[in-house]
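Have a look at the structure below before the remarks.
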Number of protein chains: 2
Amino acid sequence: VTVQGTLEKAIGAVTQEQIRVIGSGRTDAGGHALHQVVAFSTESALPVETLCRAINAHLPDDVSVTGATDADIDFHPRFDAASRSYRYLIWNRPIPSPFWVGRAAFVKPRLEESAMDVAARSLLGRHDFSAFADVREETNHYRHMYRAECRRDGDLVVLELEASGFMRQMVRSIAGTLIRIGSGRMSPESMQEILTSLDRSRAGDTAPACGLYLIDVRYADSASPNGLGDPFSTKHYGPGGPFRTEESV
Amino acid sequence: VTVQGTLEKAIGAVTQEQIRVIGSGRTDAGGHALHQVVAFSTESALPVETLCRAINAHLPDDVSVTGATDADIDFHPRFDAASRSYRYLIWNRPIPSPFWVGRAAFVKPRLEESAMDVAARSLLGRHDFSAFADVREETNHYRHMYRAECRRDGDLVVLELEASGFMRQMVRSIAGTLIRIGSGRMSPESMQEILTSLDRSRAGDTAPACGLYLIDVRYADSASPNGLGDPFSTKHYGPGGPFRTEESV
């Protein structure tokens with residue numbers, strides 16, 4: 001069962017058509033999404049608001065459509081995306097929390113979030129991110145990192161990254177490296193060294209998928225569906241469930 | 001499977017004894033706890049910190065011990081409690097959230113939280129709370145409400161109550177009445193009228209258990225285990241899982 005398949009079935013049930021949705025990008029099994037954008041074509045004359053409500057009525061508890069809008073026929077959620085933002089959550093306390101199981105990575109030793117923040121910021125700018133990604137399916141390894149920051153919020157350590165795009169496992173590989181830095185097993189400066197080495201074996205382990213949240217996809221003004229209305233308020237970290245979820249346009 | 005039974009099994013596995021725990025009070029099936037206090041007697045010579053770690057190693061993901069301390073032999077978690085605090089969470093947005101299913105009640109129409117707050121505060125003080133509880137098992141229907149407030153935090157409406165004690169279904173019955181008031185079907189003043197009527201048929205429906213969280217139990221200084229260290233940080237509303245959980249001393 002995939003989110004894509006679940007969505008296509010629900011939309012098809014409403015429009016009585018064979019529907020194929022295109023998403024803004026792959027999400028990892030076990031990861032979560034507070035904001036995903038998908039597009040589909042339909043002959044349906046239903047207004048988008050009605051369509052949105054009707055699709056939700058056909059969706060299970062773990063997938064939800066937060067808004068819908070008309071788009072140009074040539075709008076492509078993936079190719080037109082100007083940036084994507086991910087959050088990575090780490091439950092950082094000696095004792096695990098029943099409330100964050102499956103919704104955050106669990107790291108017992110106290111992490112030094114300021115060292116992680118310094119290290120994260122060294123990724124800003126346009127770089128070849130081969131050291132932090134599974135590049136087997138990629139031809140272009142360059143991405144532009146617009147925002148990279150790490151902070152503590154109580155028992156959670158929160159990493160947020162915004163980039164022109166992310167290669168497979170890129171957020172989780174960066175998170176794994178930052179966890180090493182936060183626990184003092186690597187210096188903050190090593191982040192830069194690993195980046196320029198282009199050598200993935202030097203990066204930390206790929207952090208578990210359960211901490212990963214897609215939180216935003218932005219488009220150039222011309223390419224439409226900005227201003228779709230805010231997705232679910234993300235300030236509570238809209239903790240993801242023990243399933244793969246997407247809330248989609 | 002109960003939290004009590006699960007705890008007794010885990011502690012027994014550590015101490016090699018037949019253990020019976022006493023909790024600070026009943027929790028509703030489907031509800032959650034960020035902070036529950038239990039006591040048990042043991043002949044074990046293990047230091048409390050070691051005991052705590054060992055018990056956690058025997059507990060499933062959905063129950064966690066956050067701290068342990070020695071107590072007087074006559075300490076009773078229920079009878080010695082000076083107050084208990086509950087939080088009730090309402091996901092208040094037209095669209096349900098996959099992230100709050102089983103962790104908050106879902107109310108579509110926009111709730112007026114300021115009216116709910118005014119109404120909640122009219123419960124402050126010592127009253128007969130028969131109008132808001134299942135009193136069948138109770139002889140004394142008087143409780144002292146120390147704190148009663150309602151606020152909005154993004155898409156969540158958050159009710160918090162602290163009282164000398166709560167009768168069965170009391171928080172959920174108050175929450176159900178406040179939902180009626182917040183949606184304009186009752187005036188804030190009706191809270192007071194229902195309270196003094198002692199007539200449960202006038203209160204709102206009992207709100208679902210999934211929104212209910214026990215967040216604190218306080219003891220008089222003499223009766224020990226205050227200062228056990230903070231439980232899991234509660235500012236994220238430590239959203240509860242789709243199971244009944246307690247984090248216990």
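Chain labels follow the order of the structure tokens: the first chain is A, the next B, and so on; residue numbering restarts at 1 in every chain, and ligands are counted from 1 in their shown order.
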For this session: Just the residues within 9 Å of range 149-153 of chain B, please, counting only C-alpha atoms, with nothing from its chain fewer than 6 positions along; format it as a list in words.
Result: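 Near range 149-153 of chain B, the qualifying residues are Glu112, Glu113, Ser114, Ala115, Met116, Asp117, Val118, Ala119, Ala120, Arg121, Leu159, Glu160 and Leu161 of chain B.
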Residues as selected, N, CA, C and O atoms, written as a short mmCIF file (atom, residue, chain, number, x, y, z; two decimals), in the first residue's frame, can you do that?
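What ended up in selection07.cif:
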```
data_model
loop_
_atom_site.label_atom_id
_atom_site.label_comp_id
_atom_site.auth_asym_id
_atom_site.auth_seq_id
_atom_site.Cartn_x
_atom_site.Cartn_y
_atom_site.Cartn_z
N GLU B 112 -14.79 28.72 19.65
CA GLU B 112 -14.45 30.02 20.21
C GLU B 112 -13.79 29.77 21.57
O GLU B 112 -14.46 29.62 22.58
N GLU B 113 -12.45 29.74 21.55
CA GLU B 113 -11.74 29.32 22.75
C GLU B 113 -11.86 30.31 23.91
O GLU B 113 -11.77 29.93 25.07
N SER B 114 -12.11 31.59 23.58
CA SER B 114 -12.22 32.57 24.67
C SER B 114 -13.52 32.34 25.46
O SER B 114 -13.53 32.46 26.68
N ALA B 115 -14.59 31.97 24.76
CA ALA B 115 -15.84 31.63 25.46
C ALA B 115 -15.64 30.38 26.31
O ALA B 115 -16.14 30.29 27.45
N MET B 116 -14.89 29.42 25.78
CA MET B 116 -14.62 28.19 26.53
C MET B 116 -13.79 28.48 27.78
O MET B 116 -14.00 27.89 28.83
N ASP B 117 -12.85 29.43 27.63
CA ASP B 117 -11.99 29.79 28.76
C ASP B 117 -12.81 30.43 29.88
O ASP B 117 -12.66 30.08 31.05
N VAL B 118 -13.69 31.36 29.50
CA VAL B 118 -14.56 32.00 30.49
C VAL B 118 -15.40 30.95 31.21
O VAL B 118 -15.50 30.93 32.45
N ALA B 119 -15.97 30.05 30.44
CA ALA B 119 -16.82 29.01 31.01
C ALA B 119 -16.02 28.09 31.93
O ALA B 119 -16.47 27.74 33.03
N ALA B 120 -14.81 27.71 31.50
CA ALA B 120 -13.97 26.81 32.31
C ALA B 120 -13.68 27.44 33.67
O ALA B 120 -13.76 26.78 34.71
N ARG B 121 -13.36 28.74 33.65
CA ARG B 121 -12.99 29.40 34.90
C ARG B 121 -14.15 29.49 35.89
O ARG B 121 -13.92 29.66 37.10
N LEU B 159 -7.43 22.35 26.76
CA LEU B 159 -8.08 22.56 28.05
C LEU B 159 -7.19 21.99 29.14
O LEU B 159 -6.68 20.88 28.99
N GLU B 160 -6.95 22.76 30.20
CA GLU B 160 -6.19 22.21 31.33
C GLU B 160 -6.94 22.42 32.63
O GLU B 160 -7.44 23.52 32.90
N LEU B 161 -7.02 21.36 33.42
CA LEU B 161 -7.73 21.37 34.68
C LEU B 161 -6.84 20.80 35.78
O LEU B 161 -6.21 19.76 35.57
#
```
For this session: Could you give me, as a list in words, the residues within 6 Å of Ser130 in chain A, counting only C-alpha atoms and dropping anything in the same chain fewer than 2 positions from it?
Result: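 Neighbouring residues, sequence-local ones excluded: Asp128, Phe132, Ala133, His141 and Leu198 of chain A.
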Save out the residues we just selected, N, CA and C atoms, as an mmCIF file, in the first residue's frame.
```cif
data_model
loop_
_atom_site.group_PDB
_atom_site.id
_atom_site.type_symbol
_atom_site.label_atom_id
_atom_site.label_comp_id
_atom_site.auth_asym_id
_atom_site.auth_seq_id
_atom_site.Cartn_x
_atom_site.Cartn_y
_atom_site.Cartn_z
ATOM 1 N N ASP A 128 28.374 19.952 -4.424
ATOM 2 C CA ASP A 128 28.207 18.552 -4.793
ATOM 3 C C ASP A 128 27.990 17.780 -3.487
ATOM 4 N N PHE A 132 26.867 12.842 0.985
ATOM 5 C CA PHE A 132 25.712 12.666 1.875
ATOM 6 C C PHE A 132 24.506 12.028 1.181
ATOM 7 N N ALA A 133 24.733 11.283 0.113
ATOM 8 C CA ALA A 133 23.565 10.766 -0.595
ATOM 9 C C ALA A 133 23.874 9.468 -1.320
ATOM 10 N N HIS A 141 24.896 15.879 -9.112
ATOM 11 C CA HIS A 141 25.026 15.766 -7.660
ATOM 12 C C HIS A 141 25.052 17.120 -6.956
ATOM 13 N N LEU A 198 33.573 14.331 -0.948
ATOM 14 C CA LEU A 198 32.652 13.612 -1.841
ATOM 15 C C LEU A 198 32.608 12.110 -1.537
#
```
For this session: Check the smallest atom-to-atom distance from each of B:Leu156, B:Ala81, B:Val63, B:Leu51 to chain A using only C-alpha atoms, then report the winner.
Result: B:Val63
Problem set entry | Counting only C-alpha atoms, the residue of A:Ala82, A:Ile19, A:Ile95, A:Ile11 that sits nearest chain B | A:Ile95
Problem set entry | Which residue of A:Gly5, A:Pro47, A:Gly154, A:Gly184 approaches chain B most closely, using only C-alpha atoms |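 Between A:Gly5, A:Pro47, A:Gly154, A:Gly184, the residue approaching chain B most closely is A:Gly154.
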Exercise. DSSP on the backbone: what in range 72-208 of chain B comes out helix (DSSP H, G or I), as a VMD selection string?
Worked result: chain B and resid 113 to 121 130 to 132 170 to 182 190 to 197 200 to 202
Exercise. Residues at most 7 Å from range 206-222 of chain A, counting only C-alpha atoms, excluding those fewer than 5 positions away in the same chain, as a PyMOL selection string?
Worked result: chain A and resi 28-36+80-90+102-105+172-173+175-176
File of the preceding selection, N, CA, C and O atoms, as an mmCIF file, in the first residue's frame:
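Once written, again_14.cif looks like this:
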```
data_model
loop_
_atom_site.group_PDB
_atom_site.id
_atom_site.type_symbol
_atom_site.label_atom_id
_atom_site.label_comp_id
_atom_site.auth_asym_id
_atom_site.auth_seq_id
_atom_site.Cartn_x
_atom_site.Cartn_y
_atom_site.Cartn_z
ATOM 1 N N ASP A 28 10.535 8.594 1.890
ATOM 2 C CA ASP A 28 11.078 7.335 2.398
ATOM 3 C C ASP A 28 10.015 6.538 3.145
ATOM 4 O O ASP A 28 9.210 7.101 3.876
ATOM 5 N N ALA A 29 10.034 5.244 2.980
ATOM 6 C CA ALA A 29 9.149 4.379 3.768
ATOM 7 C C ALA A 29 9.450 4.597 5.248
ATOM 8 O O ALA A 29 10.606 4.591 5.650
ATOM 9 N N GLY A 30 8.409 4.817 6.030
ATOM 10 C CA GLY A 30 8.600 5.073 7.460
ATOM 11 C C GLY A 30 8.724 6.543 7.784
ATOM 12 O O GLY A 30 8.675 6.929 8.947
ATOM 13 N N GLY A 31 8.912 7.374 6.743
ATOM 14 C CA GLY A 31 8.973 8.820 6.939
ATOM 15 C C GLY A 31 7.580 9.420 6.917
ATOM 16 O O GLY A 31 6.581 8.707 6.751
ATOM 17 N N HIS A 32 7.513 10.726 7.067
ATOM 18 C CA HIS A 32 6.222 11.410 7.186
ATOM 19 C C HIS A 32 6.224 12.658 6.312
ATOM 20 O O HIS A 32 7.267 13.113 5.884
ATOM 21 N N ALA A 33 5.030 13.207 6.096
ATOM 22 C CA ALA A 33 4.950 14.475 5.385
ATOM 23 C C ALA A 33 3.845 15.324 5.984
ATOM 24 O O ALA A 33 2.723 14.862 6.195
ATOM 25 N N LEU A 34 4.189 16.563 6.304
ATOM 26 C CA LEU A 34 3.184 17.529 6.719
ATOM 27 C C LEU A 34 2.662 18.288 5.515
ATOM 28 O O LEU A 34 1.636 18.955 5.591
ATOM 29 N N HIS A 35 3.397 18.215 4.435
ATOM 30 C CA HIS A 35 3.060 19.014 3.262
ATOM 31 C C HIS A 35 3.675 18.328 2.045
ATOM 32 O O HIS A 35 4.885 18.325 1.881
ATOM 33 N N GLN A 36 2.829 17.761 1.245
ATOM 34 C CA GLN A 36 3.274 17.167 -0.009
ATOM 35 C C GLN A 36 2.388 17.769 -1.093
ATOM 36 O O GLN A 36 1.233 18.122 -0.813
ATOM 37 N N ASP A 80 8.831 21.567 -11.393
ATOM 38 C CA ASP A 80 8.629 23.001 -11.168
ATOM 39 C C ASP A 80 8.995 23.450 -9.751
ATOM 40 O O ASP A 80 9.008 24.647 -9.472
ATOM 41 N N ALA A 81 9.289 22.507 -8.878
ATOM 42 C CA ALA A 81 9.574 22.880 -7.475
ATOM 43 C C ALA A 81 10.861 23.690 -7.407
ATOM 44 O O ALA A 81 11.883 23.308 -7.973
ATOM 45 N N ALA A 82 10.785 24.832 -6.702
ATOM 46 C CA ALA A 82 11.980 25.669 -6.519
ATOM 47 C C ALA A 82 12.779 25.210 -5.305
ATOM 48 O O ALA A 82 14.002 25.320 -5.280
ATOM 49 N N SER A 83 12.095 24.720 -4.290
ATOM 50 C CA SER A 83 12.799 24.176 -3.121
ATOM 51 C C SER A 83 11.892 23.226 -2.352
ATOM 52 O O SER A 83 10.667 23.254 -2.490
ATOM 53 N N ARG A 84 12.538 22.406 -1.575
ATOM 54 C CA ARG A 84 11.842 21.507 -0.653
ATOM 55 C C ARG A 84 12.441 21.686 0.728
ATOM 56 O O ARG A 84 13.634 21.938 0.864
ATOM 57 N N SER A 85 11.603 21.538 1.752
ATOM 58 C CA SER A 85 12.093 21.648 3.126
ATOM 59 C C SER A 85 11.776 20.367 3.886
ATOM 60 O O SER A 85 10.668 19.833 3.787
ATOM 61 N N TYR A 86 12.775 19.914 4.617
ATOM 62 C CA TYR A 86 12.607 18.743 5.482
ATOM 63 C C TYR A 86 12.950 19.098 6.914
ATOM 64 O O TYR A 86 13.785 19.968 7.172
ATOM 65 N N ARG A 87 12.270 18.409 7.828
ATOM 66 C CA ARG A 87 12.612 18.496 9.247
ATOM 67 C C ARG A 87 13.034 17.099 9.686
ATOM 68 O O ARG A 87 12.457 16.105 9.259
ATOM 69 N N TYR A 88 14.052 17.061 10.543
ATOM 70 C CA TYR A 88 14.431 15.776 11.128
ATOM 71 C C TYR A 88 14.378 15.901 12.645
ATOM 72 O O TYR A 88 15.008 16.782 13.220
ATOM 73 N N LEU A 89 13.598 15.020 13.294
ATOM 74 C CA LEU A 89 13.386 15.096 14.746
ATOM 75 C C LEU A 89 14.139 13.996 15.487
ATOM 76 O O LEU A 89 14.090 12.826 15.094
ATOM 77 N N ILE A 90 14.808 14.402 16.561
ATOM 78 C CA ILE A 90 15.543 13.458 17.401
ATOM 79 C C ILE A 90 15.037 13.590 18.839
ATOM 80 O O ILE A 90 15.096 14.684 19.415
ATOM 81 N N GLY A 102 8.437 5.915 16.627
ATOM 82 C CA GLY A 102 8.007 5.955 15.224
ATOM 83 C C GLY A 102 7.835 7.356 14.691
ATOM 84 O O GLY A 102 7.478 7.544 13.533
ATOM 85 N N ARG A 103 8.073 8.361 15.533
ATOM 86 C CA ARG A 103 7.873 9.744 15.114
ATOM 87 C C ARG A 103 9.127 10.597 15.287
ATOM 88 O O ARG A 103 9.133 11.781 14.968
ATOM 89 N N ALA A 104 10.167 10.030 15.839
ATOM 90 C CA ALA A 104 11.441 10.726 15.989
ATOM 91 C C ALA A 104 12.506 9.664 16.190
ATOM 92 O O ALA A 104 12.225 8.582 16.714
ATOM 93 N N ALA A 105 13.742 9.962 15.746
ATOM 94 C CA ALA A 105 14.852 9.080 16.080
ATOM 95 C C ALA A 105 15.119 9.197 17.572
ATOM 96 O O ALA A 105 14.835 10.229 18.175
ATOM 97 N N ARG A 172 18.702 12.151 5.772
ATOM 98 C CA ARG A 172 19.021 11.186 6.829
ATOM 99 C C ARG A 172 20.518 10.982 6.987
ATOM 100 O O ARG A 172 21.007 10.703 8.092
ATOM 101 N N SER A 173 21.262 11.134 5.899
ATOM 102 C CA SER A 173 22.714 11.003 5.978
ATOM 103 C C SER A 173 23.325 12.224 6.667
ATOM 104 O O SER A 173 24.255 12.101 7.487
ATOM 105 N N ALA A 175 21.673 14.053 8.821
ATOM 106 C CA ALA A 175 21.249 13.920 10.229
ATOM 107 C C ALA A 175 22.166 12.957 10.979
ATOM 108 O O ALA A 175 22.581 13.228 12.107
ATOM 109 N N GLY A 176 22.501 11.853 10.351
ATOM 110 C CA GLY A 176 23.382 10.868 10.996
ATOM 111 C C GLY A 176 24.756 11.449 11.296
ATOM 112 O O GLY A 176 25.351 11.183 12.347
#
```
For this session: Measuring atom to atom with only C-alpha atoms, identify which of A:Arg136, A:Ser64, A:Val158, A:Arg202 is nearest to Trp100 in chain B.
Result: A:Ser64
Exercise. Hey, can you check how far CA of Ser164 in chain B sits from CA of Ser97 in chain A?
Worked result: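 That distance, rounded to one decimal, is 27.5 Å.
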For this session: Compile the contact shell of Val135 in chain A as a count of residues only: residues with an atom at most 12 Å away, counting only C-alpha atoms, same-chain residues fewer than 2 positions apart removed.
Result: 20
For this session: Can you work out the spacing between CA of Arg143 in chain B and CA of Ile194 in chain B in Å, to one decimal?
Result: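 Atom-to-atom, CA of Arg143 in chain B to CA of Ile194 in chain B, that is 15.7 Å.
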For this session: Compile the contact shell of Glu8 in chain A as number ranges by chain: residues with an atom at most 9 Å away, counting only C-alpha atoms, same-chain residues fewer than 2 positions apart removed.
Result: A: 3-6, 10-13, 18-21
May I have the residues from that selection written out with C-alpha atoms, as a compact mmCIF listing (two decimals), in the first residue's frame?
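To be explicit, this is the file written out as result-v2.txt:
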```txt
# COMPACT_ATOMS: atom_id res chain seq x y z
CA VAL A 3 0.23 6.91 -0.41
CA GLN A 4 0.17 7.44 -4.17
CA GLY A 5 -2.02 4.37 -4.72
CA THR A 6 -4.31 5.32 -1.84
CA ALA A 10 -9.80 7.96 -3.49
CA ILE A 11 -9.71 10.52 -6.31
CA GLY A 12 -10.86 7.88 -8.80
CA ALA A 13 -13.81 7.04 -6.55
CA GLN A 18 -8.72 6.29 -13.86
CA ILE A 19 -6.50 8.79 -12.01
CA ARG A 20 -2.73 9.07 -11.99
CA VAL A 21 -1.15 11.53 -9.55
```
Exercise. Tell me, which residues of range 43-233 of chain A carry DSSP strand (DSSP E), written as a PyMOL selection string?
Worked result: chain A and resi 64-65+81-91+105-106+125-128+142-153+156-163+212-219
Can those selected residues be exported to a file as a compact mmCIF listing (two decimals), in the first residue's frame so that it contains N, CA and C atoms?
```txt
# COMPACT_ATOMS: atom_id res chain seq x y z
N SER A 64 -4.39 12.67 4.33
CA SER A 64 -5.38 13.74 4.37
C SER A 64 -5.01 14.82 3.35
N VAL A 65 -6.00 15.32 2.64
CA VAL A 65 -5.78 16.40 1.68
C VAL A 65 -6.10 17.72 2.38
N ALA A 81 9.29 22.51 -8.88
CA ALA A 81 9.57 22.88 -7.48
C ALA A 81 10.86 23.69 -7.41
N ALA A 82 10.78 24.83 -6.70
CA ALA A 82 11.98 25.67 -6.52
C ALA A 82 12.78 25.21 -5.30
N SER A 83 12.09 24.72 -4.29
CA SER A 83 12.80 24.18 -3.12
C SER A 83 11.89 23.23 -2.35
N ARG A 84 12.54 22.41 -1.57
CA ARG A 84 11.84 21.51 -0.65
C ARG A 84 12.44 21.69 0.73
N SER A 85 11.60 21.54 1.75
CA SER A 85 12.09 21.65 3.13
C SER A 85 11.78 20.37 3.89
N TYR A 86 12.77 19.91 4.62
CA TYR A 86 12.61 18.74 5.48
C TYR A 86 12.95 19.10 6.91
N ARG A 87 12.27 18.41 7.83
CA ARG A 87 12.61 18.50 9.25
C ARG A 87 13.03 17.10 9.69
N TYR A 88 14.05 17.06 10.54
CA TYR A 88 14.43 15.78 11.13
C TYR A 88 14.38 15.90 12.64
N LEU A 89 13.60 15.02 13.29
CA LEU A 89 13.39 15.10 14.75
C LEU A 89 14.14 14.00 15.49
N ILE A 90 14.81 14.40 16.56
CA ILE A 90 15.54 13.46 17.40
C ILE A 90 15.04 13.59 18.84
N TRP A 91 14.51 12.50 19.38
CA TRP A 91 14.13 12.48 20.79
C TRP A 91 15.41 12.21 21.57
N ALA A 105 13.74 9.96 15.75
CA ALA A 105 14.85 9.08 16.08
C ALA A 105 15.12 9.20 17.57
N PHE A 106 15.64 8.14 18.18
CA PHE A 106 15.90 8.15 19.62
C PHE A 106 17.40 8.10 19.84
N GLY A 125 24.76 26.90 0.66
CA GLY A 125 25.32 27.23 -0.65
C GLY A 125 25.21 26.06 -1.63
N ARG A 126 25.80 26.24 -2.79
CA ARG A 126 25.72 25.23 -3.85
C ARG A 126 26.93 24.31 -3.76
N HIS A 127 26.64 23.00 -3.62
CA HIS A 127 27.72 22.03 -3.46
C HIS A 127 27.36 20.72 -4.15
N ASP A 128 28.37 19.95 -4.42
CA ASP A 128 28.21 18.55 -4.79
C ASP A 128 27.99 17.78 -3.49
N TYR A 142 24.86 18.17 -7.74
CA TYR A 142 24.85 19.51 -7.16
C TYR A 142 23.46 19.89 -6.67
N ARG A 143 23.41 20.44 -5.48
CA ARG A 143 22.16 20.99 -4.95
C ARG A 143 22.51 22.29 -4.25
N HIS A 144 21.53 23.18 -4.17
CA HIS A 144 21.74 24.45 -3.46
C HIS A 144 21.05 24.37 -2.10
N MET A 145 21.82 24.49 -1.02
CA MET A 145 21.23 24.45 0.33
C MET A 145 20.92 25.89 0.75
N TYR A 146 19.63 26.18 0.92
CA TYR A 146 19.20 27.55 1.25
C TYR A 146 19.14 27.79 2.76
N ARG A 147 18.81 26.74 3.49
CA ARG A 147 18.64 26.90 4.94
C ARG A 147 19.09 25.60 5.60
N ALA A 148 19.87 25.70 6.65
CA ALA A 148 20.34 24.51 7.37
C ALA A 148 20.55 24.94 8.81
N GLU A 149 19.70 24.44 9.70
CA GLU A 149 19.84 24.85 11.10
C GLU A 149 19.37 23.76 12.03
N CYS A 150 19.91 23.83 13.23
CA CYS A 150 19.64 22.80 14.22
C CYS A 150 19.43 23.50 15.55
N ARG A 151 18.37 23.10 16.27
CA ARG A 151 18.09 23.73 17.56
C ARG A 151 17.50 22.68 18.50
N ARG A 152 17.50 23.03 19.78
CA ARG A 152 16.86 22.16 20.77
C ARG A 152 15.54 22.77 21.18
N ASP A 153 14.55 21.93 21.36
CA ASP A 153 13.26 22.37 21.87
C ASP A 153 12.84 21.35 22.92
N LEU A 156 13.57 17.52 22.38
CA LEU A 156 13.72 17.26 20.95
C LEU A 156 14.88 18.08 20.39
N VAL A 157 15.67 17.46 19.54
CA VAL A 157 16.62 18.20 18.73
C VAL A 157 16.03 18.23 17.32
N VAL A 158 15.94 19.44 16.77
CA VAL A 158 15.21 19.67 15.54
C VAL A 158 16.16 20.18 14.46
N LEU A 159 16.29 19.42 13.39
CA LEU A 159 17.11 19.83 12.24
C LEU A 159 16.17 20.26 11.11
N GLU A 160 16.44 21.42 10.50
CA GLU A 160 15.64 21.82 9.34
C GLU A 160 16.54 22.18 8.18
N LEU A 161 16.20 21.64 7.03
CA LEU A 161 16.98 21.85 5.81
C LEU A 161 16.05 22.28 4.69
N GLU A 162 16.44 23.32 3.97
CA GLU A 162 15.72 23.68 2.75
C GLU A 162 16.75 23.73 1.63
N ALA A 163 16.45 23.06 0.52
CA ALA A 163 17.39 23.02 -0.60
C ALA A 163 16.63 22.96 -1.91
N LEU A 212 12.00 11.61 9.91
CA LEU A 212 12.00 12.47 8.71
C LEU A 212 10.61 13.00 8.35
N TYR A 213 10.52 14.31 8.15
CA TYR A 213 9.26 14.95 7.76
C TYR A 213 9.50 15.89 6.59
N LEU A 214 8.77 15.68 5.49
CA LEU A 214 8.71 16.70 4.43
C LEU A 214 7.77 17.79 4.94
N ILE A 215 8.26 19.03 5.03
CA ILE A 215 7.41 20.06 5.63
C ILE A 215 6.99 21.16 4.66
N ASP A 216 7.64 21.25 3.51
CA ASP A 216 7.24 22.30 2.57
C ASP A 216 7.80 22.03 1.17
N VAL A 217 7.05 22.45 0.17
CA VAL A 217 7.54 22.45 -1.21
C VAL A 217 7.19 23.80 -1.78
N ARG A 218 8.17 24.51 -2.28
CA ARG A 218 7.89 25.84 -2.82
C ARG A 218 8.05 25.87 -4.33
N TYR A 219 7.25 26.76 -4.94
CA TYR A 219 7.28 26.91 -6.39
C TYR A 219 7.53 28.36 -6.74
```
For this session: Pick out the closest residue to chain B from this set: A:Leu46, A:Leu59, A:Val107, A:Val1. Count only C-alpha atoms.
Result: A:Leu59
